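**Q** Got a structure for you, written out below as structure tokens; questions coming shortly.
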Amino acid sequence: MNLVWGFFLYTVIGFLLLSIPIFHKTSVSFLDTLFISTSAISTTGLVTVSVYDSYNFFGQLIVMVLFQIGGIGYMTLTTYYLLFTTQKIGHWHKKVVGAEFTLPKTIKIRDFVKSVIVFTLIMEVIGAICFFIAFRQTGMETLKAVWFSVFHSVSAFCTAGFGLFNNSFESYSSNALINTIISVLAIAGSLGFIVITDLWYRITGKSNSVSFTTKIITYGFVILLFLGTTLVYFTEPSIRSSDSRLVESFFQAMTAMTTVGFNTISTGNLSLPILLFVTFLMYIGASPSGTAGGMKITTLTAMISILKSRLFGQKRISFLNRTIPFERLYVATSTFMMYTSIIFLFTFLLTFTERFEFQRILFEVASALGTVGLSTGITGDLSNTGKALTIVLMFIGRVGVLTFGFALLERKNKSKEESIEDDLAV
């Protein structure tokens, strides 16, 4: 519940700051301001108005701070501040940070928080430097290149999908350097510090093996990314004549898997089969300990393992010859059911309020709940009710479907417990 209220508070603060007229280039409505604030804190990237055309430098800076907080996690920042000033963190902070990042019991919160902050800063600084070089090579003026580099580096690593170009990165679809920078930052952010560290130790020889969870996430990510790239490359007609066909195919699969939300080809022009497959990739997402949204690869592998055990009549549910604990299976099945139900419910509701094609509505819902930010171009044309429903979706996607569900039921459960205690007292 504390996690939900924390993100809600930051969303409100962001909304109030972005409502100040001095941060605007043009007037922005109440609902659009709330939409941008929620999209930023949830690191989604869906926008109903252009960030570059609607906000001045300070407004854009507020948006960047919001998705930086959303990407790292507000509790991580709070805990780091407490460690820096008092060297002490309470049980409550440990509990919420552990829930926010799905930390294994073997990792100490203190070490994790410090490492995440350092890793984030290093990656974003390197990304900004690389972006600056790339933007200057395209002829962008120095001051503009500095700000665009910082903004897009933070956005890419936090898989926020916010950009200062109105057509995302479609103008740079053939720029190998910019495509590489975004991909490296997004993959590093979406896989998360735990997985990246685990893989790095294995590559450098500091450890003999990687954890079971890292294997699941890495194998799943690589397989889905390969399948996505291959499918887009061979079947998407809109890029068949492109000289950068392979790069564009990889980027489209990568941006959906990592939920970074940038695009180098027009998402609205994708063929129906690819649009549905990209929807599937957004539905899955990446690592539970990273900045990516989605249902998570670990949930997918658990569901596949359950199905395999039922089909072959096996009593033991395993993956890669390792038994999956029942606690993990309970979480996975609960996540799968809630996530799928929410997608169905909100798609159903939006078909009443909107007049777009079904596949575009489904895509928008999957993008919002997965905190991806890709759109077929309908976000700005949503009705006020549609925007409000999308705001709720983005918020649920950021705090997590299970966390949000627990928060809704917590007060009800507390009331029941108090009622039972009163009956016992009587």
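In the structure tokens, each chain is lettered A, B, ... as it comes, each chain's residues begin at 1, and ligands are numbered from 1 in order of appearance.
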Excluding Leu320 (chain A) and residues on its chain fewer than 5 positions from it, collect all residues at most 12 Å away from it, counting only C-alpha atoms, and give them as a VMD selection string.

**A** chain A and resid 212 to 213 215 to 216 219 to 220 301 to 302 304 to 305 308

**Q** Keeping C-alpha atoms for every residue in the selection just given, could you write it to a file as a short mmCIF file (atom, residue, chain, number, x, y, z; two decimals), in the first residue's frame?

**A**
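Writing done, so here's result.cif:
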data_model
loop_
_atom_site.label_atom_id
_atom_site.label_comp_id
_atom_site.auth_asym_id
_atom_site.auth_seq_id
_atom_site.Cartn_x
_atom_site.Cartn_y
_atom_site.Cartn_z
CA PHE A 212 18.90 -19.70 -12.07
CA THR A 213 16.78 -16.53 -12.32
CA LYS A 215 19.46 -17.83 -16.82
CA ILE A 216 15.67 -17.74 -17.19
CA TYR A 219 17.47 -17.12 -22.29
CA GLY A 220 13.92 -15.85 -22.50
CA THR A 301 8.51 -19.29 -18.09
CA ALA A 302 6.58 -20.34 -14.98
CA ILE A 304 5.14 -22.62 -19.70
CA SER A 305 6.55 -24.94 -17.03
CA LYS A 308 4.56 -28.67 -19.75
#

**Q** Which residues come within 10 Å of region 332-337 of chain A, counting only C-alpha atoms, excluding same-chain residues fewer than 5 positions away, as a VMD selection string?

**A** chain A and resid 284 295 to 296 298 to 303 306 326 to 327 342 400 to 403 405

**Q** Using only C-alpha atoms, which protein or nucleic acid residues come within 9 Å of Ile36 (chain A)? Drop anything in the same chain fewer than 2 positions from it, and give the result as a ChimeraX atom specification.

**A** /A:14-15,18,31-34,38-41,45-49,51,63,391

**Q** Let's have the selection written as a compact mmCIF listing (two decimals), in the first residue's frame, with N, CA and C atoms.

**A**
# COMPACT_ATOMS: atom_id res chain seq x y z
N GLY A 14 4.18 15.99 -9.52
CA GLY A 14 4.54 16.26 -10.91
C GLY A 14 3.44 17.00 -11.64
N PHE A 15 2.20 16.61 -11.39
CA PHE A 15 1.05 17.28 -12.01
C PHE A 15 0.98 18.75 -11.59
N LEU A 18 3.87 20.71 -13.27
CA LEU A 18 3.66 20.88 -14.71
C LEU A 18 2.46 21.76 -15.02
N LEU A 31 -6.34 17.59 -17.91
CA LEU A 31 -6.25 16.15 -18.13
C LEU A 31 -4.95 15.76 -18.83
N ASP A 32 -4.53 16.58 -19.80
CA ASP A 32 -3.28 16.29 -20.51
C ASP A 32 -2.08 16.42 -19.57
N THR A 33 -2.13 17.38 -18.65
CA THR A 33 -1.05 17.55 -17.68
C THR A 33 -0.96 16.34 -16.76
N LEU A 34 -2.11 15.88 -16.29
CA LEU A 34 -2.15 14.68 -15.44
C LEU A 34 -1.66 13.46 -16.22
N THR A 38 1.58 11.25 -15.08
CA THR A 38 1.44 9.81 -14.82
C THR A 38 2.32 9.00 -15.75
N SER A 39 2.36 9.40 -17.02
CA SER A 39 3.18 8.70 -18.00
C SER A 39 4.66 8.78 -17.64
N ALA A 40 5.08 9.93 -17.10
CA ALA A 40 6.49 10.11 -16.73
C ALA A 40 6.85 9.29 -15.50
N ILE A 41 6.05 9.38 -14.45
CA ILE A 41 6.38 8.67 -13.21
C ILE A 41 6.26 7.16 -13.40
N GLY A 45 5.75 6.79 -21.38
CA GLY A 45 6.14 7.49 -22.60
C GLY A 45 5.00 7.81 -23.54
N LEU A 46 3.79 7.34 -23.22
CA LEU A 46 2.63 7.75 -24.02
C LEU A 46 2.34 9.22 -23.73
N VAL A 47 2.07 9.99 -24.77
CA VAL A 47 1.81 11.43 -24.59
C VAL A 47 0.59 11.85 -25.41
N THR A 48 -0.16 12.76 -24.84
CA THR A 48 -1.32 13.31 -25.55
C THR A 48 -0.98 14.65 -26.18
N VAL A 49 0.13 15.26 -25.73
CA VAL A 49 0.64 16.50 -26.31
C VAL A 49 2.15 16.37 -26.48
N VAL A 51 5.83 16.96 -25.82
CA VAL A 51 6.60 17.48 -24.68
C VAL A 51 7.47 18.65 -25.12
N VAL A 63 9.72 16.82 -16.32
CA VAL A 63 9.32 15.53 -16.89
C VAL A 63 10.46 14.53 -16.76
N ILE A 391 -4.66 6.62 -18.03
CA ILE A 391 -3.92 7.08 -16.85
C ILE A 391 -3.93 6.01 -15.76

**Q** With only C-alpha atoms as the counted atoms, please give the residues lying no more than 10 Å from Val278 (chain A), apart from itself and same-chain residues fewer than 3 positions off, as a list in words.

**A**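 Neighbouring residues, sequence-local ones excluded: Gly228, Val232, Gln252, Ala253, Met254, Thr255, Ala256, Met257, Thr267, Leu270, Leu272, Pro273, Ile274, Leu275, Leu281, Met282, Tyr283, Ile284, Phe363, Ala366, Ser367 and Leu374 of chain A.
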
**Q** Taking 4 positions as the minimum chain separation for residues in the same chain, which residues sit within 9 Å of region 153-162 of chain A when counting only C-alpha atoms? Answer as a VMD selection string.

**A** chain A and resid 39 to 47 51 63 to 64 67 to 68 70 to 72 120 123 to 131 148 to 149 168 181 to 190 255 258 to 263 290 to 293 371 to 374

**Q** Pull C-alpha atoms from the residues just selected and write them as a compact mmCIF listing (two decimals), in the first residue's frame.

**A**
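And here's again-v3.txt as it stands now:
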# COMPACT_ATOMS: atom_id res chain seq x y z
CA SER A 39 3.18 8.70 -18.00
CA ALA A 40 6.49 10.11 -16.73
CA ILE A 41 6.38 8.67 -13.21
CA SER A 42 5.28 5.31 -14.63
CA THR A 43 8.07 5.51 -17.28
CA THR A 44 5.53 4.78 -20.01
CA GLY A 45 6.14 7.49 -22.60
CA LEU A 46 2.63 7.75 -24.02
CA VAL A 47 1.81 11.43 -24.59
CA VAL A 51 6.60 17.48 -24.68
CA VAL A 63 9.32 15.53 -16.89
CA MET A 64 12.86 14.08 -16.94
CA PHE A 67 10.76 9.47 -15.15
CA GLN A 68 14.16 9.30 -13.46
CA GLY A 70 9.99 6.34 -11.73
CA GLY A 71 12.83 4.42 -13.38
CA ILE A 72 15.10 4.04 -10.36
CA THR A 120 22.47 4.19 -13.09
CA MET A 123 25.24 4.25 -17.59
CA GLU A 124 23.37 7.54 -18.03
CA VAL A 125 26.56 9.62 -18.14
CA ILE A 126 28.17 7.30 -20.71
CA GLY A 127 24.91 7.30 -22.68
CA ALA A 128 24.73 11.10 -22.64
CA ILE A 129 28.31 11.42 -23.90
CA CYS A 130 27.65 8.95 -26.71
CA PHE A 131 24.39 10.67 -27.63
CA PHE A 148 18.88 16.31 -25.91
CA SER A 149 21.70 13.92 -24.99
CA SER A 168 10.44 9.62 -31.88
CA ILE A 181 23.19 3.68 -27.88
CA ILE A 182 19.46 3.35 -27.27
CA SER A 183 19.58 -0.44 -27.45
CA VAL A 184 22.46 -0.80 -24.98
CA LEU A 185 20.91 1.60 -22.48
CA ALA A 186 17.45 0.07 -22.78
CA ILE A 187 18.67 -3.52 -22.46
CA ALA A 188 20.87 -2.65 -19.47
CA GLY A 189 17.98 -0.87 -17.77
CA SER A 190 15.33 -3.47 -18.56
CA THR A 255 11.84 -1.48 -28.04
CA THR A 258 12.58 -3.66 -23.08
CA THR A 259 9.45 -1.42 -23.01
CA VAL A 260 11.67 1.57 -23.86
CA GLY A 261 8.97 2.82 -26.25
CA PHE A 262 11.11 4.58 -28.86
CA ASN A 263 10.45 3.72 -32.49
CA GLY A 290 14.79 -3.87 -14.04
CA THR A 291 13.07 -0.74 -15.29
CA ALA A 292 10.95 -2.58 -17.87
CA GLY A 293 7.22 -3.14 -17.51
CA THR A 371 4.56 1.00 -19.49
CA VAL A 372 5.97 0.80 -23.03
CA GLY A 373 4.94 4.02 -24.74
CA LEU A 374 4.54 2.71 -28.28

**Q** Which residue, A:Tyr52, A:Phe7, A:Phe234, A:Phe250, has the smallest gap to Asn166 (chain A) when you use only C-alpha atoms?

**A** A:Tyr52

**Q** Could you state the separation of CA of Ile396 (chain A) and CA of Val4 (chain A) in Å, given to one decimal place?

**A**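 Between these atoms lies a distance of 8.8 Å.
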
**Q** Return as a VMD selection string the full set of residues in region 178-411 of chain A whose backbone-based DSSP assignment is strand (DSSP E or B).

**A** chain A and resid 318 to 319 322 to 323

**Q** Could you save the residues just selected, with N, CA and C atoms, as a compact mmCIF listing (two decimals), in the first residue's frame?

**A**
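Result saved to again07.txt:
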# COMPACT_ATOMS: atom_id res chain seq x y z
N SER A 318 9.14 -27.95 -13.33
CA SER A 318 10.54 -27.54 -13.44
C SER A 318 10.79 -26.77 -14.72
N PHE A 319 11.94 -26.09 -14.73
CA PHE A 319 12.41 -25.37 -15.92
C PHE A 319 13.92 -25.45 -15.93
N ARG A 322 15.41 -27.52 -13.18
CA ARG A 322 15.36 -26.99 -11.80
C ARG A 322 13.91 -26.88 -11.37
N THR A 323 13.61 -27.40 -10.19
CA THR A 323 12.25 -27.33 -9.67
C THR A 323 11.91 -25.89 -9.29

**Q** Could you go through region 207-423 of chain A and tell me which residues DSSP, when run on the backbone, assigns to alpha helix (DSSP H), listing them as a PyMOL selection string?

**A** chain A and resi 212-235+245-257+272-284+297-311+326-353+358-369+384-399+401-423

**Q** Would you compute the distance between CA of Ile324 (chain A) and CA of Val116 (chain A)? Give it in Å to one decimal.

**A**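 The value is 27.4 Å.
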
**Q** Which polymer residues have any atom within 7 Å of an atom of region 346-356 of chain A, counting only C-alpha atoms, with same-chain residues fewer than 5 positions away left out, as a PDB file with all heavy atoms, in the first residue's frame?

**A**
ATOM      1  N   ILE A 361      -6.801  -0.306 -30.306  1.00  0.00           N
ATOM      2  CA  ILE A 361      -7.182  -0.159 -28.900  1.00  0.00           C
ATOM      3  C   ILE A 361      -6.440  -1.181 -28.040  1.00  0.00           C
ATOM      4  O   ILE A 361      -5.904  -0.849 -26.977  1.00  0.00           O
ATOM      5  CB  ILE A 361      -8.704  -0.319 -28.728  1.00  0.00           C
ATOM      6  CG1 ILE A 361      -9.430   0.850 -29.401  1.00  0.00           C
ATOM      7  CG2 ILE A 361      -9.084  -0.405 -27.252  1.00  0.00           C
ATOM      8  CD1 ILE A 361     -10.943   0.734 -29.386  1.00  0.00           C
ATOM      9  N   LEU A 362      -6.401  -2.429 -28.509  1.00  0.00           N
ATOM     10  CA  LEU A 362      -5.678  -3.469 -27.778  1.00  0.00           C
ATOM     11  C   LEU A 362      -4.203  -3.113 -27.640  1.00  0.00           C
ATOM     12  O   LEU A 362      -3.603  -3.288 -26.569  1.00  0.00           O
ATOM     13  CB  LEU A 362      -5.836  -4.812 -28.505  1.00  0.00           C
ATOM     14  CG  LEU A 362      -5.052  -5.991 -27.923  1.00  0.00           C
ATOM     15  CD1 LEU A 362      -5.517  -6.308 -26.505  1.00  0.00           C
ATOM     16  CD2 LEU A 362      -5.197  -7.223 -28.822  1.00  0.00           C
ATOM     17  N   VAL A 365      -3.753  -0.373 -25.001  1.00  0.00           N
ATOM     18  CA  VAL A 365      -3.934  -0.912 -23.654  1.00  0.00           C
ATOM     19  C   VAL A 365      -2.687  -1.680 -23.207  1.00  0.00           C
ATOM     20  O   VAL A 365      -2.194  -1.496 -22.087  1.00  0.00           O
ATOM     21  CB  VAL A 365      -5.176  -1.825 -23.585  1.00  0.00           C
ATOM     22  CG1 VAL A 365      -5.220  -2.597 -22.268  1.00  0.00           C
ATOM     23  CG2 VAL A 365      -6.440  -1.002 -23.743  1.00  0.00           C
ATOM     24  N   LEU A 382      -7.608  10.263 -28.096  1.00  0.00           N
ATOM     25  CA  LEU A 382      -8.498   9.572 -27.170  1.00  0.00           C
ATOM     26  C   LEU A 382      -9.492  10.557 -26.561  1.00  0.00           C
ATOM     27  O   LEU A 382      -9.185  11.743 -26.373  1.00  0.00           O
ATOM     28  CB  LEU A 382      -7.689   8.922 -26.038  1.00  0.00           C
ATOM     29  CG  LEU A 382      -6.802   7.723 -26.389  1.00  0.00           C
ATOM     30  CD1 LEU A 382      -5.946   7.333 -25.192  1.00  0.00           C
ATOM     31  CD2 LEU A 382      -7.644   6.529 -26.854  1.00  0.00           C
ATOM     32  N   SER A 383     -10.669  10.073 -26.244  1.00  0.00           N
ATOM     33  CA  SER A 383     -11.649  10.911 -25.551  1.00  0.00           C
ATOM     34  C   SER A 383     -11.164  11.159 -24.129  1.00  0.00           C
ATOM     35  O   SER A 383     -10.207  10.515 -23.666  1.00  0.00           O
ATOM     36  CB  SER A 383     -13.009  10.203 -25.512  1.00  0.00           C
ATOM     37  OG  SER A 383     -12.921   9.021 -24.731  1.00  0.00           O
ATOM     38  N   THR A 385     -12.583  10.335 -21.411  1.00  0.00           N
ATOM     39  CA  THR A 385     -12.766   9.083 -20.662  1.00  0.00           C
ATOM     40  C   THR A 385     -11.655   8.098 -21.009  1.00  0.00           C
ATOM     41  O   THR A 385     -11.106   7.417 -20.132  1.00  0.00           O
ATOM     42  CB  THR A 385     -14.128   8.447 -20.987  1.00  0.00           C
ATOM     43  OG1 THR A 385     -15.170   9.384 -20.714  1.00  0.00           O
ATOM     44  CG2 THR A 385     -14.344   7.194 -20.153  1.00  0.00           C
ATOM     45  N   GLY A 386     -11.314   8.038 -22.301  1.00  0.00           N
ATOM     46  CA  GLY A 386     -10.235   7.167 -22.746  1.00  0.00           C
ATOM     47  C   GLY A 386      -8.901   7.546 -22.134  1.00  0.00           C
ATOM     48  O   GLY A 386      -8.109   6.680 -21.736  1.00  0.00           O
TER      49      GLY A 386
END

**Q** Report, in Å to a single decimal, how far apart CA of Leu345 (chain A) and CA of Val12 (chain A) are.

**A** 25.5 Å
